[in-house]
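**Q** Input run03.txt, format and content: compact mmCIF, C-alpha atoms.
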# COMPACT_ATOMS: atom_id res chain seq x y z
CA MET P 1 -11.56 35.64 0.59
CA GLY P 2 -13.58 34.99 -2.58
CA LYS P 3 -16.89 35.85 -0.95
CA GLU P 4 -15.80 39.47 -0.75
CA PHE P 5 -15.99 39.86 -4.54
CA PHE P 6 -18.29 37.03 -5.66
CA SER P 7 -21.86 37.13 -4.46
CA SER P 8 -22.81 33.80 -6.02
CA GLU P 9 -21.51 30.80 -7.93
CA LYS P 10 -23.16 32.12 -11.08
CA GLU P 11 -21.10 35.28 -10.77
CA MET P 12 -17.92 33.23 -10.35
CA GLN P 13 -18.84 31.18 -13.39
CA LYS P 14 -19.50 34.26 -15.52
CA TRP P 15 -16.12 35.69 -14.51
CA LEU P 16 -14.32 32.52 -15.60
CA SER P 17 -16.42 32.27 -18.75
CA ASP P 18 -15.38 35.79 -19.71
CA GLU P 19 -11.74 34.90 -19.09
CA PHE P 20 -12.00 31.85 -21.35
CA SER P 21 -13.73 33.95 -24.04
CA SER P 22 -10.76 36.32 -24.03
CA LYS P 23 -8.42 33.34 -24.59
CA THR P 24 -7.14 33.40 -21.00
CA GLN P 25 -6.15 29.97 -19.68
CA LEU P 26 -6.64 28.71 -16.13
CA ALA P 27 -2.88 28.55 -15.71
CA ASP P 28 -2.65 32.23 -16.73
CA LEU P 29 -4.85 33.15 -13.76
CA ILE P 30 -2.82 31.25 -11.18
CA GLN P 31 -0.45 33.64 -9.41
CA ASN P 32 1.61 31.34 -7.19
CA ILE P 33 2.85 28.71 -9.65
CA GLU P 34 6.52 29.48 -8.98
CA ASP P 35 6.07 29.24 -5.22
CA PHE P 36 4.15 26.01 -5.69
CA GLU P 37 6.90 24.48 -7.82
CA GLU P 38 9.43 25.21 -5.08
CA TYR P 39 7.36 23.36 -2.47
CA VAL P 40 9.26 20.65 -0.59
CA ALA P 41 7.17 17.76 0.74
CA TYR P 42 8.28 16.48 4.13
CA SER P 43 5.70 13.72 4.48
CA LEU P 44 4.20 10.93 2.42
CA ALA P 45 0.81 12.66 2.43
CA ALA P 46 2.23 15.99 1.26
CA LYS P 47 4.18 14.27 -1.50
CA LYS P 48 1.06 12.58 -2.92
CA ILE P 49 -0.91 15.84 -2.91
CA PHE P 50 1.97 17.71 -4.56
CA GLN P 51 2.17 15.04 -7.26
CA SER P 52 -1.58 15.27 -7.91
CA PHE P 53 -1.56 19.07 -8.06
CA SER P 54 1.50 19.02 -10.37
CA HIS P 55 -0.01 16.44 -12.69
CA SER P 56 -3.25 18.43 -12.91
CA LEU P 57 -1.49 21.77 -13.44
CA LYS P 58 0.08 20.52 -16.69
CA SER P 59 -3.40 20.33 -18.22
CA LEU P 60 -4.37 23.94 -17.42
CA TYR P 61 -2.09 25.78 -19.89
CA ASN P 62 -3.72 25.19 -23.26
CA THR P 63 -7.38 24.23 -23.15
CA SER P 64 -10.50 24.38 -25.26
CA VAL P 65 -14.00 24.59 -23.77
CA ILE P 66 -16.17 21.53 -24.46
CA SER P 67 -19.17 22.57 -22.39
CA GLU P 68 -20.23 25.26 -19.94
CA ASP P 69 -22.97 24.50 -17.42
CA GLU P 70 -24.58 22.06 -19.86
CA ASN P 71 -26.17 18.71 -19.10
CA ILE P 72 -23.71 16.03 -20.22
CA SER P 73 -25.81 13.04 -19.15
CA PHE P 74 -26.76 10.46 -21.75
CA LYS P 75 -29.67 9.27 -19.60
CA ILE P 76 -32.96 11.09 -20.12
CA GLY P 77 -34.10 12.70 -16.90
CA ASP P 78 -30.65 12.87 -15.31
CA SER P 79 -28.89 16.19 -14.92
CA LEU P 80 -25.12 16.38 -14.72
CA LYS P 81 -23.87 19.92 -15.30
CA PRO P 82 -20.19 20.51 -14.68
CA ASP P 83 -19.42 24.23 -14.61
CA PHE P 84 -16.83 23.68 -17.33
CA LEU P 85 -15.63 20.70 -19.30
CA LEU P 86 -12.32 21.43 -21.04
CA TYR P 87 -10.02 19.63 -23.42
CA ALA P 88 -6.31 20.01 -22.67
CA LEU P 89 -4.50 20.05 -25.99
CA GLU P 90 -0.97 19.36 -24.74
CA THR P 91 -1.82 16.46 -22.42
CA GLU P 92 -4.82 15.11 -24.39
CA SER P 93 -6.83 15.14 -21.16
CA VAL P 94 -10.34 16.11 -20.15
CA VAL P 95 -10.50 18.76 -17.42
CA ILE P 96 -13.56 18.95 -15.16
CA VAL P 97 -13.92 22.34 -13.45
CA GLU P 98 -16.33 22.76 -10.56
CA ILE P 99 -16.90 26.20 -9.04
CA LYS P 100 -18.29 26.58 -5.55
CA ASN P 101 -18.90 29.60 -3.37
CA SER P 102 -19.54 28.03 0.04
CA GLY P 103 -17.97 25.31 2.16
CA HIS P 104 -21.09 23.14 2.15
CA ALA P 105 -21.46 23.39 -1.59
CA THR P 106 -17.80 22.54 -2.09
CA ARG P 107 -18.41 19.18 -0.46
CA GLU P 108 -21.26 18.58 -2.87
CA GLY P 109 -19.01 19.66 -5.72
CA GLY P 110 -16.42 17.14 -4.67
CA THR P 111 -18.88 14.28 -4.74
CA GLU P 112 -20.16 15.45 -8.14
CA LEU P 113 -16.71 15.16 -9.70
CA GLY P 114 -16.88 11.37 -9.61
CA ALA P 115 -20.23 11.41 -11.42
CA TYR P 116 -18.90 13.78 -14.05
CA ALA P 117 -15.84 11.60 -14.63
CA SER P 118 -18.03 8.52 -15.08
CA GLU P 119 -20.18 10.33 -17.63
CA VAL P 120 -17.10 11.49 -19.55
CA LYS P 121 -16.24 7.80 -19.95
CA SER P 122 -19.63 7.29 -21.61
CA TYR P 123 -18.38 9.50 -24.44
CA VAL P 124 -14.74 8.38 -24.37
CA PRO P 125 -14.90 4.77 -23.11
CA PHE P 126 -11.18 4.03 -23.15
CA ILE P 127 -9.99 7.19 -21.42
CA SER P 128 -7.89 6.36 -18.38
CA ASP P 129 -8.30 7.96 -14.98
CA GLY P 130 -4.85 9.46 -15.54
CA ASP P 131 -6.25 11.49 -18.45
CA ILE P 132 -9.07 13.03 -16.42
CA VAL P 133 -8.16 16.10 -14.37
CA ASN P 134 -10.41 17.59 -11.70
CA VAL P 135 -10.36 21.23 -10.61
CA ILE P 136 -12.24 22.64 -7.64
CA ILE P 137 -12.37 26.42 -7.34
CA SER P 138 -13.67 27.67 -4.01
CA PRO P 139 -13.07 30.50 -1.55
CA GLU P 140 -13.53 28.19 1.45
CA TRP P 141 -11.84 24.94 2.46
CA PRO P 142 -13.38 23.70 5.73
CA THR P 143 -12.32 20.48 7.45
CA LEU P 144 -14.77 18.12 5.77
CA ILE P 145 -13.76 19.35 2.34
CA ARG P 146 -10.05 19.05 3.04
CA HIS P 147 -10.56 15.49 4.25
CA TYR P 148 -12.56 14.74 1.12
CA VAL P 149 -9.83 16.18 -1.12
CA PHE P 150 -7.17 14.17 0.66
CA HIS P 151 -9.19 10.97 0.34
CA GLU P 152 -9.77 11.50 -3.37
CA ILE P 153 -6.08 12.16 -4.02
CA PHE P 154 -4.41 9.71 -1.66
CA TRP P 155 -6.75 6.72 -1.63
CA VAL P 156 -8.83 7.07 -4.82
CA GLN P 157 -5.76 8.39 -6.69
CA ARG P 158 -7.76 11.01 -8.54
CA ASN P 159 -5.92 13.84 -10.34
CA LEU P 160 -7.21 16.91 -8.54
CA ILE P 161 -6.06 20.47 -7.94
CA CYS P 162 -7.62 23.00 -5.55
CA LEU P 163 -7.73 26.67 -6.53
CA GLU P 164 -8.87 29.69 -4.56
CA PRO P 165 -9.91 33.12 -5.93
CA VAL P 166 -7.85 36.08 -4.73
CA LYS P 167 -7.68 39.78 -5.52
CA ILE P 168 -4.41 41.25 -6.77
CA ASP P 169 -4.27 44.91 -7.80
CA ASP P 170 -8.07 44.96 -7.95
CA LYS P 171 -8.05 42.07 -10.40
CA ILE P 172 -9.47 38.62 -9.65
CA LYS P 173 -6.89 35.87 -9.91
CA LEU P 174 -6.44 32.33 -8.59
CA LYS P 175 -3.95 30.66 -6.30
CA ILE P 176 -3.15 27.03 -5.61
CA VAL P 177 -4.38 26.10 -2.15
CA ASP P 178 -1.63 25.49 0.40
CA ILE P 179 -0.83 21.79 0.48
CA ASP P 180 -0.08 21.70 4.19
CA SER P 181 -3.54 23.10 4.94
CA ILE P 182 -5.10 20.04 3.29
CA ILE P 183 -3.39 17.73 5.77
CA GLU P 184 -2.96 20.04 8.74
CA ASP P 185 -4.27 17.54 11.34
CA ASN P 186 -2.77 14.48 9.58
CA LEU P 187 -5.86 12.44 10.54
CA SER P 188 -6.59 11.74 6.90
CA LEU P 189 -3.48 9.63 6.50
CA LYS P 190 -3.72 7.66 9.71
CA ILE P 191 -5.24 4.20 9.53
CA GLY P 192 -5.57 1.55 12.20
CA TYR P 193 -5.16 -2.20 12.12
CA GLN P 194 -8.95 -2.55 12.19
CA HIS P 195 -9.22 -0.85 8.79
CA LEU P 196 -7.45 -3.82 7.16
CA GLY P 197 -8.89 -7.32 6.93
CA GLY P 198 -7.97 -10.55 5.21
CA TYR P 199 -6.86 -14.13 5.74
CA GLN P 200 -4.15 -16.68 5.15
CA LEU P 201 -4.12 -18.74 2.00
CA CYS P 202 -2.44 -21.86 3.33
CA LEU P 203 -0.66 -23.96 0.68
CA TYR P 204 -1.17 -27.54 1.86
CA ASP P 205 1.06 -30.42 0.85
CA TYR P 206 -0.80 -33.57 1.86
CA ASN P 207 2.16 -35.68 0.75
CA LEU P 208 3.48 -34.86 4.22
CA TYR P 209 1.12 -37.50 5.61
CA SER P 210 3.20 -40.20 3.94
CA GLU P 211 6.51 -38.30 3.91
CA PRO P 212 6.51 -36.17 7.08
CA ASP P 213 10.24 -35.44 6.82
CA ASN P 214 10.10 -34.18 3.24
CA ARG P 215 9.10 -30.53 3.77
CA THR P 216 11.01 -29.28 0.73
CA ARG P 217 8.79 -30.54 -2.10
CA LEU P 218 7.07 -27.18 -2.57
CA ASP P 219 10.38 -25.30 -2.64
CA ALA P 220 10.62 -26.00 -6.36
CA HIS P 221 7.44 -23.96 -6.95
CA LEU P 222 8.48 -20.62 -5.42
CA GLU P 223 8.42 -18.95 -8.83
CA GLN P 224 4.85 -20.10 -9.39
CA MET P 225 3.87 -18.82 -5.95
CA ASN P 226 5.25 -15.37 -6.72
CA THR P 227 3.62 -15.41 -10.14
CA ALA P 228 0.30 -16.26 -8.48
CA ILE P 229 0.57 -13.24 -6.18
CA SER P 230 1.58 -10.98 -9.08
CA ALA P 231 -1.60 -12.10 -10.84
CA MET P 232 -3.53 -11.28 -7.66
CA ALA P 233 -2.04 -7.78 -7.64
CA THR P 234 -3.03 -7.26 -11.28
CA LYS P 235 -6.58 -8.34 -10.45
CA GLY P 236 -6.60 -6.04 -7.43
CA ASN P 237 -5.55 -3.07 -9.53
CA SER P 238 -8.24 -3.81 -12.12
CA GLN P 239 -10.85 -3.76 -9.35
CA ARG P 240 -9.46 -0.54 -7.81
CA ASN P 241 -8.92 -2.53 -4.66
CA HIS P 242 -6.15 -1.54 -2.22
CA GLY P 243 -4.21 -4.33 -0.59
CA PHE P 244 -1.07 -6.39 -0.21
CA ALA P 245 0.17 -9.93 0.30
CA PHE P 246 3.14 -11.63 1.95
CA LEU P 247 4.49 -15.00 0.87
CA TRP P 248 6.13 -16.83 3.77
CA LYS P 249 7.49 -20.23 4.72
CA ASP P 250 5.93 -21.83 7.78
CA ASN P 251 8.54 -22.93 10.31
CA TRP P 252 6.09 -24.93 12.41
CA GLU P 253 7.16 -28.50 11.74
CA LEU P 254 3.69 -29.95 12.41
CA SER P 255 2.01 -27.80 9.76
CA LEU P 256 0.85 -29.56 6.61
CA ALA P 257 1.06 -26.20 4.84
CA PRO P 258 4.78 -25.48 4.38
CA TYR P 259 3.95 -22.11 2.76
CA SER P 260 1.26 -19.50 3.26
CA ILE P 261 0.19 -16.26 1.62
CA THR P 262 -1.25 -13.63 3.94
CA ILE P 263 -3.68 -11.54 1.86
CA ILE P 264 -4.98 -8.20 3.15
CA ASN P 265 -7.18 -5.41 1.80
CA PHE P 266 -9.08 -2.42 3.11
CA SER P 267 -12.17 -3.21 5.12
CA PRO P 268 -14.46 -0.60 3.53
CA PHE P 269 -17.30 -0.67 6.04
CA GLN P 270 -14.91 -0.26 8.97
CA SER P 271 -13.62 2.95 7.38
CA LEU P 272 -17.01 4.54 8.10
CA GLU P 273 -15.81 5.27 11.63
CA ARG P 274 -13.36 7.84 10.27
CA LEU P 275 -16.24 10.27 9.75
CA PHE P 276 -17.00 10.25 13.46
CA HIS P 277 -13.57 11.66 14.35
CA ASP P 278 -14.74 15.05 13.11
CA GLU P 279 -16.58 16.86 15.88
CA ASN P 280 -18.63 18.74 13.28
CA PHE P 281 -19.87 15.57 11.57
CA GLU P 282 -23.63 15.06 11.76
CA PRO P 283 -24.74 11.57 10.67
CA ASN P 284 -27.84 11.43 8.49
CA SER P 285 -30.34 8.60 8.06
CA ILE P 286 -28.21 6.83 5.45
CA THR P 287 -25.20 6.94 7.75
CA GLU P 288 -27.33 5.35 10.46
CA ARG P 289 -28.30 2.52 8.09
CA PHE P 290 -24.66 1.80 7.26
CA VAL P 291 -23.90 1.80 10.97
CA ASP P 292 -26.74 -0.73 11.43
CA ILE P 293 -25.00 -3.00 8.89
CA ILE P 294 -21.85 -2.88 11.01
CA LYS P 295 -23.81 -3.52 14.21
CA ASP P 296 -25.77 -6.44 12.72
CA PHE P 297 -23.27 -8.12 10.40
CA ASP P 298 -19.76 -6.86 11.36
CA PRO P 299 -18.20 -6.86 7.84
CA ASN P 300 -14.41 -6.94 8.16
CA GLY P 301 -13.00 -6.80 4.65
CA HIS P 302 -13.60 -10.40 3.55
CA GLY P 303 -15.79 -9.48 0.61
CA GLU P 304 -16.23 -10.66 -2.94
CA SER P 305 -13.46 -8.40 -4.23
CA LEU P 306 -10.83 -10.07 -2.06
CA LEU P 307 -12.23 -13.50 -2.92
CA SER P 308 -11.97 -12.71 -6.64
CA ILE P 309 -8.36 -11.60 -6.16
CA THR P 310 -7.60 -14.81 -4.28
CA GLU P 311 -9.27 -17.02 -6.89
CA THR P 312 -7.05 -15.46 -9.56
CA GLY P 313 -4.01 -16.71 -7.66
CA ARG P 314 -5.45 -20.12 -6.88
CA GLU P 315 -5.46 -20.99 -10.56
CA PHE P 316 -1.65 -20.83 -10.51
CA LEU P 317 -1.33 -22.76 -7.25
CA GLU P 318 -3.69 -25.73 -7.55
CA GLU P 319 -1.36 -27.60 -9.89
CA PHE P 320 1.13 -28.39 -7.12
CA CYS P 321 -0.65 -27.83 -3.77
CA GLU P 322 -4.06 -27.40 -2.18
CA PRO P 323 -4.64 -23.74 -1.24
CA ARG P 324 -7.16 -23.12 1.53
CA MET P 325 -8.36 -19.86 3.07
CA GLU P 326 -8.04 -19.79 6.85
CA GLY P 327 -7.73 -17.32 9.72
CA PHE P 328 -10.19 -14.58 8.78
CA HIS P 329 -8.94 -11.68 10.90
CA THR P 330 -7.72 -8.10 10.91
CA TRP P 331 -4.13 -7.30 9.92
CA ASP P 332 -2.80 -7.08 13.48
CA ILE P 333 -3.77 -10.70 14.27
CA LEU P 334 -2.55 -12.03 10.93
CA LYS P 335 0.70 -10.08 11.20
CA GLN P 336 1.39 -11.53 14.64
CA THR P 337 0.75 -15.06 13.39
CA MET P 338 2.91 -14.57 10.31
CA LEU P 339 5.91 -13.02 12.04
CA GLY P 340 5.80 -15.49 14.90
CA ARG P 341 6.46 -18.61 12.82
CA SER P 342 7.77 -17.68 9.40
CA ASP P 343 10.58 -16.83 7.06
CA LEU P 344 9.30 -13.97 4.90
CA ILE P 345 9.90 -14.54 1.19
CA SER P 346 8.21 -11.73 -0.77
CA PHE P 347 5.81 -8.79 -0.63
CA HIS P 348 3.34 -7.79 -3.32
CA SER P 349 0.87 -4.91 -3.32
CA TRP P 350 -1.81 -3.23 -5.40
CA GLY P 351 -3.81 -0.02 -5.47
CA VAL P 352 -2.42 2.75 -3.31
CA PHE P 353 -0.19 0.28 -1.44
CA GLY P 354 1.44 -0.70 -4.73
CA GLU P 355 2.02 2.91 -5.71
CA LEU P 356 3.47 3.82 -2.33
CA TYR P 357 5.71 0.75 -2.35
CA SER P 358 7.09 1.74 -5.77
CA ASP P 359 7.84 5.21 -4.41
CA ARG P 360 9.62 3.71 -1.41
CA LEU P 361 11.63 1.34 -3.60
CA GLN P 362 12.68 4.23 -5.82
CA GLU P 363 13.88 6.16 -2.77
CA LYS P 364 16.02 3.20 -1.70
CA TYR P 365 17.59 2.96 -5.16
CA LYS P 366 18.38 6.68 -5.09
CA GLU P 367 20.15 6.07 -1.78
CA GLY P 368 22.37 3.54 -3.53
CA ASN P 369 20.71 0.34 -2.29
CA PHE P 370 20.73 -1.36 -5.69
CA ASN P 371 20.65 -4.89 -4.29
CA LEU P 372 17.13 -4.48 -2.94
CA LYS P 373 14.64 -6.80 -4.67
CA SER P 374 11.45 -5.43 -6.17
CA ASN P 375 9.35 -7.58 -3.82
CA ASP P 376 11.38 -7.19 -0.62
CA PRO P 377 9.17 -8.16 2.37
CA GLU P 378 11.14 -6.12 4.92
CA LEU P 379 10.61 -2.99 2.85
CA GLY P 380 6.93 -3.87 2.68
CA LEU P 381 6.77 -4.08 6.48
CA GLU P 382 8.61 -0.77 6.73
CA LEU P 383 6.02 0.92 4.51
CA LEU P 384 3.09 -0.55 6.44
CA ASP P 385 4.59 0.50 9.77
CA GLU P 386 4.66 4.08 8.47
CA LEU P 387 1.07 3.98 7.20
CA ILE P 388 -0.52 2.23 10.17
CA ASP P 389 -0.77 3.94 13.53
CA PRO P 390 -0.79 1.29 16.32
CA ASN P 391 -2.27 3.92 18.64
CA TYR P 392 -5.10 4.89 16.28
CA GLU P 393 -8.24 5.48 18.35
CA PHE P 394 -10.59 3.25 16.41
CA ILE P 395 -14.29 3.94 17.03
CA ASN P 396 -16.06 0.59 17.08
CA LEU P 397 -19.42 1.37 15.49
CA ALA P 398 -20.74 -2.02 16.57
CA TYR P 399 -21.36 -0.22 19.87
CA TYR P 400 -22.78 2.94 18.30
CA ASP P 401 -25.62 4.27 20.49
CA TYR P 402 -24.93 1.45 22.94
CA ASP P 403 -26.54 2.12 26.31
CA PRO P 404 -24.90 0.15 29.13
CA ASP P 405 -27.84 0.98 31.39
CA GLU P 406 -30.04 -1.25 29.23
CA ASP P 407 -27.81 -4.24 29.90
CA ASP P 408 -27.63 -3.33 33.59
CA SER P 409 -31.42 -3.19 33.87
CA PHE P 410 -31.71 -6.58 32.14
CA PHE P 411 -29.22 -8.24 34.48
CA ARG P 412 -30.81 -6.61 37.51
CA ALA P 413 -34.20 -8.01 36.50
CA PHE P 414 -32.60 -11.42 35.92
CA GLU P 415 -30.98 -11.37 39.37
CA GLU P 416 -34.25 -10.32 41.01
CA LEU P 417 -36.00 -13.25 39.33
CA PHE P 418 -33.39 -15.62 40.74
CA ASP P 419 -33.81 -14.05 44.18
CA GLU P 420 -37.57 -14.63 44.01
CA ASN P 421 -37.08 -18.26 43.00
CA ASP P 422 -34.67 -18.80 45.86
CA ASP P 423 -37.57 -18.05 48.23
CA ILE P 424 -39.79 -20.68 46.63
CA GLU P 425 -39.73 -24.10 48.30
CA ASP P 426 -38.47 -26.74 45.91
CA ASP P 427 -41.26 -29.30 45.49
CA GLY P 428 -39.32 -31.33 42.98
CA GLU P 429 -40.87 -29.65 39.93
CA ASP P 430 -39.04 -27.45 37.53
CA ILE P 431 -39.44 -23.74 38.21
CA PRO P 432 -39.92 -21.82 34.97
CA LEU P 433 -37.69 -18.79 34.68
For this file, produce the structure as structure tokens.
**A**
Amino acid sequence: MGKEFFSSEKEMQKWLSDEFSSKTQLADLIQNIEDFEEYVAYSLAAKKIFQSFSHSLKSLYNTSVISEDENISFKIGDSLKPDFLLYALETESVVIVEIKNSGHATREGGTELGAYASEVKSYVPFISDGDIVNVIISPEWPTLIRHYVFHEIFWVQRNLICLEPVKIDDKIKLKIVDIDSIIEDNLSLKIGYQHLGGYQLCLYDYNLYSEPDNRTRLDAHLEQMNTAISAMATKGNSQRNHGFAFLWKDNWELSLAPYSITIINFSPFQSLERLFHDENFEPNSITERFVDIIKDFDPNGHGESLLSITETGREFLEEFCEPRMEGFHTWDILKQTMLGRSDLISFHSWGVFGELYSDRLQEKYKEGNFNLKSNDPELGLELLDELIDPNYEFINLAYYDYDPDEDDSFFRAFEELFDENDDIEDDGEDIPL
């Protein structure tokens, strides 16, 4: 391991600095590129990590050093010192290199990458996330760090590659970290129904009051409905939101809303429970405060971001119907309602759901299924069934630190009070409890 020949991060940094000074590139130091390129991904998670590593690797062949352990912050008093900031000539990308020499520090390094990327955008405002590459070099990859890396790649869609120092013929080199080790327990990919919240946008046609048998008036506006959801997806992508929507026709003949759009996104506060699945996780005071928010207010993914996405679509819909938000629930409840009384029409997605759906659609086309539409709802359901684990053991943090004995003592005291009052002769006056 790297600790055997690096006593500190400064020593690791000096080694890499010397390599750069001698015109050695990061890619020149990596010894297992051929093995990496032959890797075959057998899962969705592995495929996304392989794609991220591959994308990042392209920017490590021909680089120029922009800064080395220098403060890149514009704001006086702030200190943001990436170990190396590089310019990749061939890909026209900025490469952020963070060197760490302990598992704990690697986690800190991971969280720093986001701050470095934001500061890079202060200098190059129009640079896309696709043109920022992140490199973590560390001798250790404990569970918390691997989960962090997976989250950054899979859900945040950050371009990131993990490298580990090794010794070959008494020379220090690098190797790409084994992809399967990043996802060895597969917990990182699993999500439960409770992680997804949303509502139905019911498209009311109040003409049905006067013409109850004419349920086809809105059929002429299907194109506008799909356009509205496409606009929602564009808005969702611009907000870095992750979600999806189904357009469906309501078969319940008494409904004044012949069509509905079920709109879902991640419930960010409910994802906090994922930390508690790691037996080594130790919540700090800030964690406790976020848990208190869940206990006191129970946020379930119906925030301003989803409302903004919905309002974008409403502007396309209000010309021919009255859209109203109803049924604020988690995905399992909304899915049951939708499938129980509908004809599915289309599926639209954004964020990571949109990217994964495109991958799935491409796979179907490669299999020869050329008649599949780009917004096929059955394919959307197929993707969601793969991502969502119905048996996910969701930890309800609303009951965090809940002590059932406290409730028992309260009810026991309440019962004793009733027992005492039963012994009091009723003189016709009210007995205060």
**Q** Do a neighbour search on segment 80-84 of chain P at 6 Å with only C-alpha atoms, toss out local chain neighbours closer than 5 positions, and write the hits as a PDB file with C-alpha atoms, keeping the file's coordinate frame.
**A**
ATOM      1  CA  SER P  67     -19.170  22.570 -22.390  1.00  0.00           C
ATOM      2  CA  GLU P  68     -20.230  25.260 -19.940  1.00  0.00           C
ATOM      3  CA  ASP P  69     -22.970  24.500 -17.420  1.00  0.00           C
ATOM      4  CA  GLU P  70     -24.580  22.060 -19.860  1.00  0.00           C
ATOM      5  CA  ASN P  71     -26.170  18.710 -19.100  1.00  0.00           C
ATOM      6  CA  ILE P  72     -23.710  16.030 -20.220  1.00  0.00           C
ATOM      7  CA  SER P  73     -25.810  13.040 -19.150  1.00  0.00           C
ATOM      8  CA  VAL P  97     -13.920  22.340 -13.450  1.00  0.00           C
ATOM      9  CA  GLU P  98     -16.330  22.760 -10.560  1.00  0.00           C
TER      10      GLU P  98
END
**Q** Quick check, in Å to one decimal: how far apart do atom CA of Asp35 of chain P and atom CA of Ile136 of chain P lie?
**A**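 Pair atom CA of Asp35 of chain P / atom CA of Ile136 of chain P returns 19.6 Å.
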**Q** Let me make sure I understand: among P:Phe6, P:Tyr61, P:Tyr39, P:Trp155, which one has the smallest atom-to-atom distance to Ala27 of chain P if we use only C-alpha atoms?
**A** P:Tyr61
**Q** Have a look at P:Ile168, P:Ile161, P:Leu361, P:Leu317 and name the one nearest to Met225 of chain P; count all atoms listed in the file.
**A** P:Leu317
**Q** May I ask which of the residues P:Arg289, P:Asp18, P:Ser230, P:Glu273 is the closest one to Ser374 of chain P, counting only C-alpha atoms?
**A**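 Ranked by minimum distance to Ser374 of chain P, first place goes to P:Ser230.
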**Q** Please, which residues are within 10 Å of (0.9, 9.4, -0.7) by the file's coordinates, counting all atoms listed in the file, and could they come as a count of residues only?
**A** 22
**Q** Tell me, as a short mmCIF file (atom, residue, chain, number, x, y, z; two decimals) with C-alpha atoms, keeping the file's coordinate frame, which residues lie within 12 Å of His221 of chain P, counting all atoms listed in the file; anything in the same chain fewer than 4 positions away does not count.
**A**
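Okay, this is what ended up in out09.cif:
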data_model
loop_
_atom_site.label_atom_id
_atom_site.label_comp_id
_atom_site.auth_asym_id
_atom_site.auth_seq_id
_atom_site.Cartn_x
_atom_site.Cartn_y
_atom_site.Cartn_z
CA LEU P 203 -0.66 -23.96 0.68
CA ASP P 205 1.06 -30.42 0.85
CA THR P 216 11.01 -29.28 0.73
CA ARG P 217 8.79 -30.54 -2.10
CA MET P 225 3.87 -18.82 -5.95
CA ASN P 226 5.25 -15.37 -6.72
CA THR P 227 3.62 -15.41 -10.14
CA ALA P 228 0.30 -16.26 -8.48
CA PRO P 258 4.78 -25.48 4.38
CA TYR P 259 3.95 -22.11 2.76
CA PHE P 316 -1.65 -20.83 -10.51
CA LEU P 317 -1.33 -22.76 -7.25
CA GLU P 318 -3.69 -25.73 -7.55
CA GLU P 319 -1.36 -27.60 -9.89
CA PHE P 320 1.13 -28.39 -7.12
CA CYS P 321 -0.65 -27.83 -3.77
#
**Q** Can you tell me, as a ChimeraX atom specification, what residues are no more than 10 Å from segment 327-331 of chain P when counting all atoms listed in the file, ignoring any on the same chain fewer than 3 positions away?
**A** /P:192-202,262-267,300-302,334-337
**Q** Which one is closest to Val156 of chain P: P:Asn241, P:Gln270, P:Ser122, P:Asn391? Count only C-alpha atoms.
**A**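 Checking each candidate against Val156 of chain P, we get P:Asn241 as the closest.
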**Q** Which residue, P:Glu282, P:Glu326, P:Glu38, P:Glu19, has the smallest gap to Val65 of chain P when you use all atoms listed in the file?
**A** P:Glu19
**Q** For segment 49-64 of chain P of the structure just presented, write C-alpha atoms to a file, as a JSON list (two decimals), in the first residue's frame.
**A**
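Listing of selection-v7.json after writing:
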[["chain", "number", "residue", "atom", "x", "y", "z"],
["P", 49, "ILE", "CA", -18.26, 4.03, -12.95],
["P", 50, "PHE", "CA", -16.40, 2.62, -15.97],
["P", 51, "GLN", "CA", -17.77, 5.43, -18.14],
["P", 52, "SER", "CA", -16.67, 8.06, -15.61],
["P", 53, "PHE", "CA", -13.19, 6.58, -15.23],
["P", 54, "SER", "CA", -12.83, 6.29, -19.04],
["P", 55, "HIS", "CA", -13.98, 9.85, -19.64],
["P", 56, "SER", "CA", -11.55, 11.15, -17.01],
["P", 57, "LEU", "CA", -8.63, 9.06, -18.27],
["P", 58, "LYS", "CA", -8.73, 10.81, -21.66],
["P", 59, "SER", "CA", -7.70, 14.05, -19.94],
["P", 60, "LEU", "CA", -4.60, 12.62, -18.23],
["P", 61, "TYR", "CA", -2.35, 12.14, -21.29],
["P", 62, "ASN", "CA", -1.27, 15.65, -22.19],
["P", 63, "THR", "CA", -1.55, 18.22, -19.41],
["P", 64, "SER", "CA", -0.05, 21.48, -18.28]]
